[in-house]
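Working notes for the structure below.
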Amino acid sequence: MEVSVALKEYLAHLRVERGLSPHTIDAYARDLRDYQSFLKQRGCGELDAITPADAEAHIAALRQAGRGAATVQRHVSALKGFHKFCLRESLTQNYPLKSLPRLKRGRTLPSVLSIDQVSRLLDACDPQGVPLLLRDRALLELLYGSGLRESELCNLRLDDLNLKEEMVRVIGKGNKERLVPMGSVAVRWMQRYLAEGRLLLHAKGGLPPVSDRVFLTSKGKPLYRQAVFIVVRDAGQRIGLEGLHPHTLRHSFATHLLEGGADLRAVQELLGHADLSTTQIYTHIDQARLREDYLRAHPRARLRRT
């Protein structure tokens with residue numbers, strides 16, 4: 001069978017049978033189409049014709065192109081999933097990844113803002129009654145106050161908010177539902193946005209359709225992930241932080257909770273992590289900061305030239 005045909009079947013399987021999100025499927029599709037293009041350049045268009053050397057050369061090419069360890073590992077995972085599907089569905093008996101060496105992925109600490117930086121970031125967004133800026137302030141408060149992923153934030157519906165109880169229902173990865181507290185400050189800004197901003201944005205969407213999404217664009221349509229990136233990036237630029245990413249606010253949420261004494265498993269639940277080891281990265285951040293403080297403050301922490 002041709003690689004292109006098998007790839008279409010695999011992506012359909014991910015969408016229909018496994019029910020993965022469009023964002024996740026797009027990520028798989030990009031990585032596998034890179035693989036398909038590489039194989040095509042090597043004159044290999046059939047599943048049965050792919051050799052271990054082809055797969056290894058693809059991974060080597062990614063490294064030579066300067067792709068990070070996490071990106072290369074993601075490609076390897078995509079390849080494994082694809083080829084195992086082809087075996088399981090009897091599309092081929094060829095599995096060219098048997099000799100692919102196991103990659104060691106170095107774990108890097110995520111970037112985190114200080115509490116002071118977060119305060120300046122939020123305070124620099126002064127809505128002054130402007131609907132879009134009210135949305136942006138509520139959005140930023142919720143990203144930091146509840147630690148949501150950008151996709152989770154975009155998918156929030158009005159029924160997911162319980163402002164009286166200061167809770168938000170979140171549908172995370174794998175369609176897993178969790179309840180996350182909202183801080184009182186986030187609740188106040190959400191109330192203002194819903195009353196003064198969202199109504200005006202919603203009116204621009206026209207009827208029908210009527211959107212029940214919480215966050216809307218300037219045209220009254222559901223907010224999309226790229227727009228969230230732009231809001232956060234622009235907010236960071238206002239206080240001199242270039243390239244600020246929505247996930248940095250999520251990382252900051254988790255780190256500040258642990259620094260404040262929160263239990264690691266509680267933070268795991270709030271973030272919606274399936275594995276505790278994923279959450280433990282934030283304890284490493286805390287330890288790294290502690291060491292920095294020690295090295296900076298202790299008189300005998302470092303040898304000083306006299």
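In the structure tokens, chains take letters A, B, ... by order of appearance, with residues numbered from 1 within each chain and ligands from 1 in the order shown.
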Who sits within 10 Å of Ala254 in chain A, only C-alpha atoms, same chain under 3 positions skipped, as a PyMOL selection string: chain A and resi 112+144-147+248-251+257-260+262+264+267-268+270-271+279+281-283
Which of range 36-283 of chain A counts as strand (DSSP E) under DSSP, as a JSON list (two decimals) with N, CA, C and O atoms, in the first residue's frame please?
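Output below, filename part.json:
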[["chain", "number", "residue", "atom", "x", "y", "z"],
["A", 161, "LEU", "N", -18.97, 27.85, 33.48],
["A", 161, "LEU", "CA", -18.63, 28.82, 34.52],
["A", 161, "LEU", "C", -19.63, 28.75, 35.67],
["A", 161, "LEU", "O", -20.84, 28.77, 35.45],
["A", 162, "ASN", "N", -19.11, 28.69, 36.88],
["A", 162, "ASN", "CA", -19.94, 28.83, 38.08],
["A", 162, "ASN", "C", -19.30, 29.93, 38.91],
["A", 162, "ASN", "O", -18.50, 29.67, 39.81],
["A", 167, "MET", "N", -15.84, 28.44, 40.45],
["A", 167, "MET", "CA", -15.30, 27.22, 39.85],
["A", 167, "MET", "C", -15.53, 27.26, 38.34],
["A", 167, "MET", "O", -16.46, 27.90, 37.85],
["A", 168, "VAL", "N", -14.65, 26.57, 37.63],
["A", 168, "VAL", "CA", -14.80, 26.45, 36.19],
["A", 168, "VAL", "C", -14.62, 24.98, 35.81],
["A", 168, "VAL", "O", -13.72, 24.30, 36.32],
["A", 169, "ARG", "N", -15.50, 24.48, 34.95],
["A", 169, "ARG", "CA", -15.40, 23.11, 34.46],
["A", 169, "ARG", "C", -14.58, 23.12, 33.17],
["A", 169, "ARG", "O", -14.85, 23.89, 32.25],
["A", 170, "VAL", "N", -13.59, 22.26, 33.13],
["A", 170, "VAL", "CA", -12.64, 22.25, 32.02],
["A", 170, "VAL", "C", -12.64, 20.88, 31.37],
["A", 170, "VAL", "O", -12.60, 19.85, 32.06],
["A", 171, "ILE", "N", -12.70, 20.84, 30.04],
["A", 171, "ILE", "CA", -12.55, 19.60, 29.29],
["A", 171, "ILE", "C", -11.12, 19.59, 28.74],
["A", 171, "ILE", "O", -10.78, 20.35, 27.85],
["A", 177, "GLU", "N", -12.70, 15.54, 32.07],
["A", 177, "GLU", "CA", -13.31, 16.71, 32.70],
["A", 177, "GLU", "C", -12.71, 16.92, 34.09],
["A", 177, "GLU", "O", -12.47, 15.97, 34.83],
["A", 178, "ARG", "N", -12.47, 18.17, 34.43],
["A", 178, "ARG", "CA", -12.02, 18.49, 35.78],
["A", 178, "ARG", "C", -12.63, 19.83, 36.21],
["A", 178, "ARG", "O", -13.01, 20.65, 35.38],
["A", 179, "LEU", "N", -12.73, 20.01, 37.51],
["A", 179, "LEU", "CA", -13.21, 21.27, 38.08],
["A", 179, "LEU", "C", -12.02, 22.01, 38.68],
["A", 179, "LEU", "O", -11.24, 21.42, 39.44],
["A", 180, "VAL", "N", -11.90, 23.27, 38.32],
["A", 180, "VAL", "CA", -10.76, 24.07, 38.76],
["A", 180, "VAL", "C", -11.28, 25.33, 39.45],
["A", 180, "VAL", "O", -12.18, 26.00, 38.93],
["A", 181, "PRO", "N", -10.73, 25.68, 40.61],
["A", 181, "PRO", "CA", -11.15, 26.92, 41.26],
["A", 181, "PRO", "C", -10.75, 28.15, 40.44],
["A", 181, "PRO", "O", -9.77, 28.13, 39.71]]
Please run DSSP on the backbone and report, as a PyMOL selection string, all residues within range 40-170 of chain A that come out as helix (DSSP H, G or I). chain A and resi 40-41+47-49+52-64+69-88+115-123+131-146+150-154+158-160
Nearest residue to Phe229 in chain A from the set A:Val214, A:Leu143, A:Leu200, A:Ala266 (distances using only C-alpha atoms): A:Leu143
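For the residues A:Leu20, A:Leu153, A:Ala61, A:Leu201, ranking by smallest atom-to-atom distance to Tyr224 in chain A using only C-alpha atoms places A:Leu153 first.
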Hey, what's within 10 Å of Arg33 in chain A if we count only C-alpha atoms and toss same-chain stuff fewer than 6 positions away? As a CSV table (one decimal) with N, CA, C and O atoms, in the first residue's frame, please?
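Writing done, so here's around_19.csv:
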chain,number,residue,atom,x,y,z
A,3,VAL,N,2.2,4.9,1.0
A,3,VAL,CA,2.3,5.6,2.3
A,3,VAL,C,1.2,6.7,2.4
A,3,VAL,O,0.6,6.8,3.4
A,4,SER,N,0.9,7.4,1.3
A,4,SER,CA,0.0,8.4,1.3
A,4,SER,C,-1.4,7.9,1.7
A,4,SER,O,-2.2,8.6,2.4
A,7,LEU,N,-1.5,6.8,5.3
A,7,LEU,CA,-1.5,8.0,6.2
A,7,LEU,C,-2.9,8.6,6.4
A,7,LEU,O,-3.3,8.9,7.5
A,39,LEU,N,10.5,10.4,2.6
A,39,LEU,CA,10.5,9.1,2.0
A,39,LEU,C,10.4,9.3,0.5
A,39,LEU,O,11.1,8.6,-0.3
Write out as an MDAnalysis selection string which residues come within 12 Å of Leu79 in chain A when counting only C-alpha atoms, dropping same-chain ones fewer than 3 positions away. chainID A and resid 3 7 10 28:36 52 54:56 58:59 72:76 82:86 95:98 100
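Across the structure, CA of Leu14 in chain A and CA of Glu2 in chain A are spaced 18.8 Å apart.
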Using only C-alpha atoms, the shortest atom-to-atom distance to Gly220 in chain A among A:Gly261, A:Arg135, A:Glu89, A:Asp275 belongs to A:Arg135
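Among A:Arg137, A:Lys221, A:Arg120, A:His273, the residue with the shortest atom-to-atom distance to Ala203 in chain A, counting only C-alpha atoms, is A:Lys221.
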Within 12 Å of Asp123 in chain A, counting only C-alpha atoms, which residues show up once you throw out same-chain ones fewer than 2 positions away? Write them as a PyMOL selection string, please. chain A and resi 116-121+125-128+136-138+140-141+185+189+235-236+238-239
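Considering only C-alpha atoms, the residue among A:Pro131, A:Ala57, A:Asp234, A:Ala69 positioned nearest to Gln41 in chain A is A:Ala57.
Distance annotation: of A:Leu91, A:Leu199, A:Thr255, A:Leu11, the residue with the minimal separation from Thr217 in chain A is A:Leu199; atom set is only C-alpha atoms.
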How far is it from CA of Val232 in chain A to CA of Leu244 in chain A, in Å with one decimal? 6.3 Å
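If you look at CA of Leu132 in chain A and CA of Val187 in chain A, they are 17.3 Å away from each other.
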